[in-house]
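Input: a single structure, listed below in C-alpha cells.
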Amino acid sequence: MIKDLKEMFLLAGLFALVMMIPVGIWHAFDFAGFKLKAVLWAAYYLVFTAAIAENFLRKRGLPWSYVGVSRGADLRRAALVGTAFAAVSIALGWFGAEFAGLRESGNSPLAKFLLEKLSLGFRGEVFLAFYMFPIALCEELVFRGIIFSHLEKRRGFAFALLASSLFFALIHGTPARMIMTFFYGLAWGLSFRFGRSLAAPATAHYLHNVSAFYF
C-alpha cells in the first residue's frame with residue numbers, strides 16, 4: 001500500500017509542477033499576443049499531461065481505456081452524469097463553503113489573474129471558458145483517470161476515492177481550498193465511477209470551474 005501511495009504522490013507532485021510553470025511565466029510572453037499565448041498555454045498543458053499518462057500506461061502495457069479514454073464510451077451518459085455532479089460540486093462550493101465559513105477570499109494570484117481577464121467583457125469570457133477546459137481535462141486525466149483508476153484496481157473503490165481526492169486537494173494551496181477540493185474530488189471520483197468515462201468528471205470539473213467566476 002505504501003509503495004502505491006508513494007508512486008501516486010510523486011505523480012501528483014510532478015503534475016503540480018507542470019501546472020505551476022505557465023502561471024509563473026505568463027507575462028514573460030507578452031510579445032506573443034493574448035490569443036497566441038492562450039493557445040500555446042493550452043497546448044503545453046495538454047501535451048505534457050498526455051505525456052505523463054502515456055508514460056504511465058506504456059510502462060505497464062495498459063490501454064488508454066484504463067484511464068477512461070475509449071472510443072466505445074457512452075458520451076451521452078458521461079455528459080449527463082458529469083452535469084449532475086457539476087451541480088453537486090457547485091452546491092458544495094457555494095452552500096457548503098458559506099455554511100462552514102470556508103469561502104475563499106479570491107485574492108490568490110490565479111484568481112486575480114482570471115478575474116482580470118473576466119473584466120475584459122466578452123473577450124475575457126471566451127478566454128475564461130477556453131482556459132478552464134484544459135485545466136479540467138488535464139487534472140481529471142491525472143487524478144481520476146490515472147490515480148483513482150490505478151488505486152481502485154489495486155486497493156478498492158473506497159481507498160482509491162479517498163486517496164485520489166486527498167492528492168487532488170494537496171495541490172490546491174490554501175487550507176480552505178484544500179478542504180473544498182477534497183470534497184470536489186469525492187464528487188468527481190463518483191462521477192467517474194458512474195459515468196464510466198473520463199468525460200464525466202471532466203464535464204463536472206469544467207462546469208464547476210467556469211461557474212465559480214459568475215456566482
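Labels used: A, B, ... for chains in the order of the C-alpha cells, numbers from 1 for residues in each chain, and numbers from 1 for ligands as shown.
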
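Residues of region 51-89 of chain A that DSSP places in alpha helix (DSSP H), based on the backbone of this structure, are Ala51, Ile52, Ala53, Glu54, Asn55, Phe56, Leu57, Arg58, Lys59, Arg60, Leu75, Arg76, Arg77, Ala78, Ala79, Leu80, Val81, Gly82, Thr83, Ala84, Phe85, Ala86, Ala87, Val88 and Ser89 of chain A.
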
request  = Write out as a PyMOL selection string which residues come within 9 Å of Phe148 (chain A) when counting only C-alpha atoms, dropping same-chain ones fewer than 6 positions away.
outcome  = chain A and resi 67+142+157+159-165+189

Go ahead and save the picked residues with C-alpha atoms, as an mmCIF file, in the first residue's frame.
data_model
loop_
_atom_site.group_PDB
_atom_site.id
_atom_site.type_symbol
_atom_site.label_atom_id
_atom_site.label_comp_id
_atom_site.auth_asym_id
_atom_site.auth_seq_id
_atom_site.Cartn_x
_atom_site.Cartn_y
_atom_site.Cartn_z
ATOM 1 C CA VAL A 67 -7.869 5.811 -17.659
ATOM 2 C CA VAL A 142 -4.250 12.586 -13.763
ATOM 3 C CA PHE A 157 -13.017 1.736 -4.581
ATOM 4 C CA PHE A 159 -9.436 3.644 -0.759
ATOM 5 C CA ALA A 160 -8.997 4.971 -4.299
ATOM 6 C CA LEU A 161 -11.714 7.599 -3.862
ATOM 7 C CA LEU A 162 -10.264 8.938 -0.611
ATOM 8 C CA ALA A 163 -6.600 8.824 -1.670
ATOM 9 C CA SER A 164 -7.134 10.408 -5.098
ATOM 10 C CA SER A 165 -9.258 13.169 -3.524
ATOM 11 C CA GLY A 189 -14.479 10.456 -8.411
#

note = The distance between CA of Ala43 (chain A) and CA of Gly185 (chain A) is 24.6 Å

key: Exercise: Phe15 (chain A) partners within 10 Å, only C-alpha atoms, chain neighbours under 3 positions left out, as a PyMOL selection string   = chain A and resi 9-12+18-20+45+48-49+52+138-139+142-143+171

ask   = Do you have the CA of Arg77 (chain A)-CA of Arg196 (chain A) distance handy?
value = 8.2 Å

Nearby residues (only C-alpha atoms) at most 7 Å from region 133-136 of chain A, same-chain spacing under 5 positions excluded, as a tab-separated table (two decimals) with N, CA and C atoms, in the first residue's frame:
chain	number	residue	atom	x	y	z
A	42	ALA	N	-2.49	26.31	-23.58
A	42	ALA	CA	-3.34	25.12	-23.61
A	42	ALA	C	-2.60	23.93	-24.19
A	45	TYR	N	-0.15	22.42	-21.58
A	45	TYR	CA	-0.81	21.58	-20.58
A	45	TYR	C	-1.20	20.23	-21.15
A	46	LEU	N	-1.86	20.27	-22.31
A	46	LEU	CA	-2.38	19.05	-22.90
A	46	LEU	C	-1.26	18.09	-23.29
A	202	ALA	N	-14.53	15.22	-16.19
A	202	ALA	CA	-14.04	16.40	-16.90
A	202	ALA	C	-15.16	17.40	-17.12
A	205	HIS	N	-16.02	18.95	-13.63
A	205	HIS	CA	-14.94	19.85	-13.23
A	205	HIS	C	-15.00	21.15	-14.03
A	206	TYR	N	-15.17	21.03	-15.33
A	206	TYR	CA	-15.19	22.21	-16.20
A	206	TYR	C	-16.36	23.13	-15.86

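Closest approach to Ala169 (chain A) from the set A:Phe194, A:Val39, A:Ala16, A:Met132 is made by A:Ala16, with distances taken over only C-alpha atoms.
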
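In this model, the gap between CA of Gly195 (chain A) and CA of Ala78 (chain A) comes to 4.4 Å.
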
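The shortest atom-to-atom distance to Lys37 (chain A), with only C-alpha atoms taken into account, belongs to A:Tyr131 out of A:Leu14, A:Gly82, A:Ile90, A:Tyr131.
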
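Nearest residue to Phe85 (chain A), choosing from A:Ala212, A:Ala200, A:Ala158, A:Leu57 and counting only C-alpha atoms: A:Ala200.
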